[in-house]
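What follows is a short report on a single structure.
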Amino acid sequence: LKKKREAKNPDVRISLPVVCFVWQIAMIILFGVFVRYDEESDAHWSEHKREKNITSDIENEFYYRYPSFQDVHVMIFVGFGFLMTFLKRYSFGGVGFNFLIAAFGLQWALLMQGWFHALDPADGQIKIGIENIINADFCVAGCLIAYGALLGKVSPVQLMVLTLFGIPLFAVEEYIILHVLHVRDAGGSMVIHTFGAYYGLTISWILYRPKLDQSKRLNGSGYHSDVFAMIGTLFLWMFWPSFNSAISDHGDGQHRAAINTYLALASSVLTTFAISSLSAKRGKLDMVHIQNATLAGGVAMGTAAEFMITPYGSLIVGFCCGIISTFGYLVITPFMEKYMKIQDTCGVHNLHAMPGVLGAVVGAITAATASESVYGHEGLVNTFDFKGKYAERTPATQGGFQAAGLCVALAFGIVGGAIVGFILRLPVWGDPSDDNCFDDEVYWEVPEDEESIPPILEYNSHMVGKYADRM
Amino acid sequence: LKKKREAKNPDVRISLPVVCFVWQIAMIILFGVFVRYDEESDAHWSEHKREKNITSDIENEFYYRYPSFQDVHVMIFVGFGFLMTFLKRYSFGGVGFNFLIAAFGLQWALLMQGWFHALDPADGQIKIGIENIINADFCVAGCLIAYGALLGKVSPVQLMVLTLFGIPLFAVEEYIILHVLHVRDAGGSMVIHTFGAYYGLTISWILYRPKLDQSKRLNGSGYHSDVFAMIGTLFLWMFWPSFNSAISDHGDGQHRAAINTYLALASSVLTTFAISSLSAKRGKLDMVHIQNATLAGGVAMGTAAEFMITPYGSLIVGFCCGIISTFGYLVITPFMEKYMKIQDTCGVHNLHAMPGVLGAVVGAITAATASESVYGHEGLVNTFDFKGKYAERTPATQGGFQAAGLCVALAFGIVGGAIVGFILRLPVWGDPSDDNCFDDEVYWEVPEDEESIPPILEYNSHMVGKYADRM
Amino acid sequence: LKKKREAKNPDVRISLPVVCFVWQIAMIILFGVFVRYDEESDAHWSEHKREKNITSDIENEFYYRYPSFQDVHVMIFVGFGFLMTFLKRYSFGGVGFNFLIAAFGLQWALLMQGWFHALDPADGQIKIGIENIINADFCVAGCLIAYGALLGKVSPVQLMVLTLFGIPLFAVEEYIILHVLHVRDAGGSMVIHTFGAYYGLTISWILYRPKLDQSKRLNGSGYHSDVFAMIGTLFLWMFWPSFNSAISDHGDGQHRAAINTYLALASSVLTTFAISSLSAKRGKLDMVHIQNATLAGGVAMGTAAEFMITPYGSLIVGFCCGIISTFGYLVITPFMEKYMKIQDTCGVHNLHAMPGVLGAVVGAITAATASESVYGHEGLVNTFDFKGKYAERTPATQGGFQAAGLCVALAFGIVGGAIVGFILRLPVWGDPSDDNCFDDEVYWEVPEDEESIPPILEYNSHMVGKYADRM
């Protein structure tokens, strides 16, 4: 019987290695042709420094952004990775496949984003520095959010395909939003969260599994896996101020973005606990809410964090998001699963989609109401980058463009997700059968439970008993 | 029978949401009235920079303190949170309630500390920047330490009340110590650790439960929960140099504080292992000691870290603290429980109270013996801030004031704890019954054990067996 | 029977405390005689700043290196510590003994490295600052790597002895390589990884246990211990860019080292997944590979990270290392155990030895082919420090010296390991018997399993059953 079940398991022994090898080799070739160091990471820096009258090495961009980069890096790999370990028997897949696709995605993102944003016209090459690798991590975040909707139901090969298409979609969307529309979105409420969430949800809709309840026994958390997931939650929560400030303006821009995000997140925590307790018998809290909805304030500050939204404005945003997001877990996710055929394992609709859209709206309003009296003349110009051909743009106009940016993000997410979803339905990617979802056994060598190791002397007799039990 | 037991469980379904909502709304209103950005996080920074002849954005306070801030932030949420996951069935409560009260406390601290330390006399508003949010995290630490003494025995509502009163107590105490007495305490041996520990211990004394041994079966660690707790221990241990240097003087002050703390902590580890091994049959180490007493050196360097205590002085402090703290776990905690009716779940008396007091004494002695030959004239003035109306204060006098600061911290902790303890004894806060302490079931939806999930085919028959077992 | 087994357990109740106490006291005395603050951490900094015309506190070395230091610190304690929790019943020993020997080793390293590198000729004292504590953490890494080969088979006293000898061996080796040969090795492919791995492997060879399969039941991972180990893996992986850039040159040096390491690591991940999947039935991934071989790219960039190896060069290095390292786990470790009598618990040969040697070779080639057209004149001089008596050295010569450095590292590792191995064979160190390896019970008070805690009402009857079971 066990063999029979094993036989249904997909075999990725050829497809996964081929995808990894071929794509990694492609990366090497493309990097060889296109990617070089920028002025601040090239050994010619000392000459560059002299030319530009830079007096000290501490002015190197590295020192402005490296601490934030490392925090963002932790969010991508430990934050997203461990947040997805909450399923009782899919922790390997949660943290492991997150690791795989992020490592591939960041290379691919350096290329795609480079072609759009960092191409040196002098020699046609992409010049990379610290800001590029932060942006590559951001780009990857979009695909990891999408993974959240699909957790446990797809093969690693499908995830690689999702990433292969997701990164260019992201790069084009980002180019249109940030450069063509000249929209501000330093922490990516639109560019990252809205796009990523709808990309994943649309794919999940197309990959709908009517018989998923055959895996119901495994689609839930365990006591320890919930604690592991809190590692992810907390590193995301703590470092979100770095996420939203990592690429905002030097000086007050980064400073303000960090403070605003810090406040919004704190506010989310209280309303999440409130709604979670209110919704359950005897006020018992639900770990799913605490692990996720507490983060919604950070998502929703992705656009407005660098603006003069004021400290209490940040608290209000966080307040609303904690409520909306927890409400989503209680009502909207079950509704979407039942009536809209969208199975959203991690609830990315509640954590990324709704707060992302809200964040875009908040950003548009905050931008539209910006004024010289609040920002100062220079402050307004710097914050919204009203320079060059955008020197004449007013805050009100900027608000309109911000709203347009949201539409672009939604369109790219949904249309891109539909296309990629159909590609992922091809029967060649080795996805698990309906009764094998959420199970690490399918793609991993899973060790025997450590709990079943008896003390040495009782070993043999105990083993007999154990096997007898299972007969 | 199960129903009967359930019935005894407290119901926080009204009280917890009400407290979270009302207090969060109060925060928003108070922030609306009082809190604004300071000069370095306001969009007027570029004008401010020009006025003050600041040549580069890298001079923004953000770049001096942000990496330390993030480390402190990790200590508050992952450090304290995971340290309190050591109980076998209270990991949710340990990390979850820590999250809740820290998120509330930091907002409340920004206000309370702001009124005392950061009020702009020009407009009566609190101007916040990176240093304020570090200080808010510090302030929260005091309440989290108090939580350590009460872990598993109080409801989340009680913890919110503890924080509501703890933050203003902290802010007043801090104002008296740092501003009225002009005491130096950058890492808070007195202000944070001594206050927080005695605040929590006094509350625990007033909430004494004579029949707590009815929950004995759950008042202990498990193999995995002990490993989880090591996450907390290590992040506290590694980032303590940032804690003690986060708000000390630019340049040599931060630099020296980090080095001194680094050394004291290393020294604590060795003496903790030594005493732990010495005290047990066959020299077996006890995880409780390793998780806690290794940190005592950091606590005890809270005052003196920025002084010229010398590297070997730091090692000596750590050496003593590892011994004292481990000894506390072996002898003093059981003694206090048996004879003084103080139940101290995490042993905060050993980790925070004793090393905090010792740190205050070490700080007073180090200050009293400071001299121009060791510090240089400018160094002495900068380190002890002998400026303005304190220009005439001598090191010896400073030593006396440092000692006075310790008394203030003790008084606030004990008197404040007594008052708050009596408030928490009111029978309205939903605390667990004596046989339900240390149990996540009371306040959390706890998942079925992941270990009990059988392979798919044996599922049905196994479930029968399992339920039969439990009948 | 249980008593009989207990009786075979070693007793470290005298030896461990004595070693900890005596060595910590020795550290205090030696620090008292030799160690003081350097110019940047001393209270005379403000005078020093004026003398050297340093305009701002932000120029203090602290701000260049502190964020990197904290990342390295996390790698040493959480990274190495949690990576070694993968064994199902040796997690306490993995993370706990790592903690102990690192805390001792960093003090000892400050002294040993100080005598060789940081001795102030004016007063014969070691002047320490941020760079010294980073280097002390690096030095400790060598011993922790060696611990990886011995995990579960040695006593904490043996580990302390291993560290006592390992640190001076490291310091002398480092002095010869970096100062006598004037080799560049900022991330320590040779100095740290090659030395540490061969030091540990040689000791393991000498301590060979022919009957180790008596502990076979415990020499493997468990589901949760594998997830714990991923914490270690990811913190090592994420912060490795900081490791390789922590002590490289200000400005472009640190910037480039971080980028190169980031890329090499990403590339390693894909080839690791590819080989792991390719080697197993149905393409199932093996956690051991994912936990370890993904890091090989960081090891192999230890020498060349700060060079102009180019982004695609970094990808190629990572590509090869992922393959080699995974192949090592599949083929070489079993081969070494069977035919060479080297039992390598963590596979340090695959993660540190082979990638370290490869990294040294890559570094030598990259150095030998360096040119002014690529680096610029100043860049070449700065990167390879062709100054003072090395002003005439050419890149080609430098390449030769780099290769010579590798030989020194190998020689110190093997010869040093042989000597220390023989010392560790003395029958006085309390090592576990062959059937007690990989078992925390030997050196730790291990709690009863949390899983075995029944709900309150069934408690008594269940306990009877449980104990009956164990009779």
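Each chain in the structure tokens gets a letter, A, B, ..., in the order shown, and its residues are numbered from 1; ligands are numbered from 1 in order too.
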
Practice task
Please return, as a ChimeraX atom specification, all residues of chain B lying within 7 Å of chain A when only C-alpha atoms are considered.
Solution key: /B:11-14,16-17,20-21,24,28,31-32,35-36,40-46,57-58,60,62,67,73-74,77-78,92,100,103-104,443-450

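A least-squares superposition of chain A on chain C, with Cα atoms paired in sequence order, returns an RMSD value of 0.3 Å.
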
Handout entry: Counting only C-alpha atoms, the option among A:Ile423, A:Ala304, A:Ile414, A:Met160 closest to Gly399 of chain A
Key = A:Ala304

Handout entry: Which of segment 117-179 of chain B DSSP labels strand (DSSP E or B), written as a list in words
Key = Leu119, Asp120, Gln125, Ile126, Lys127 and Ile128 of chain B
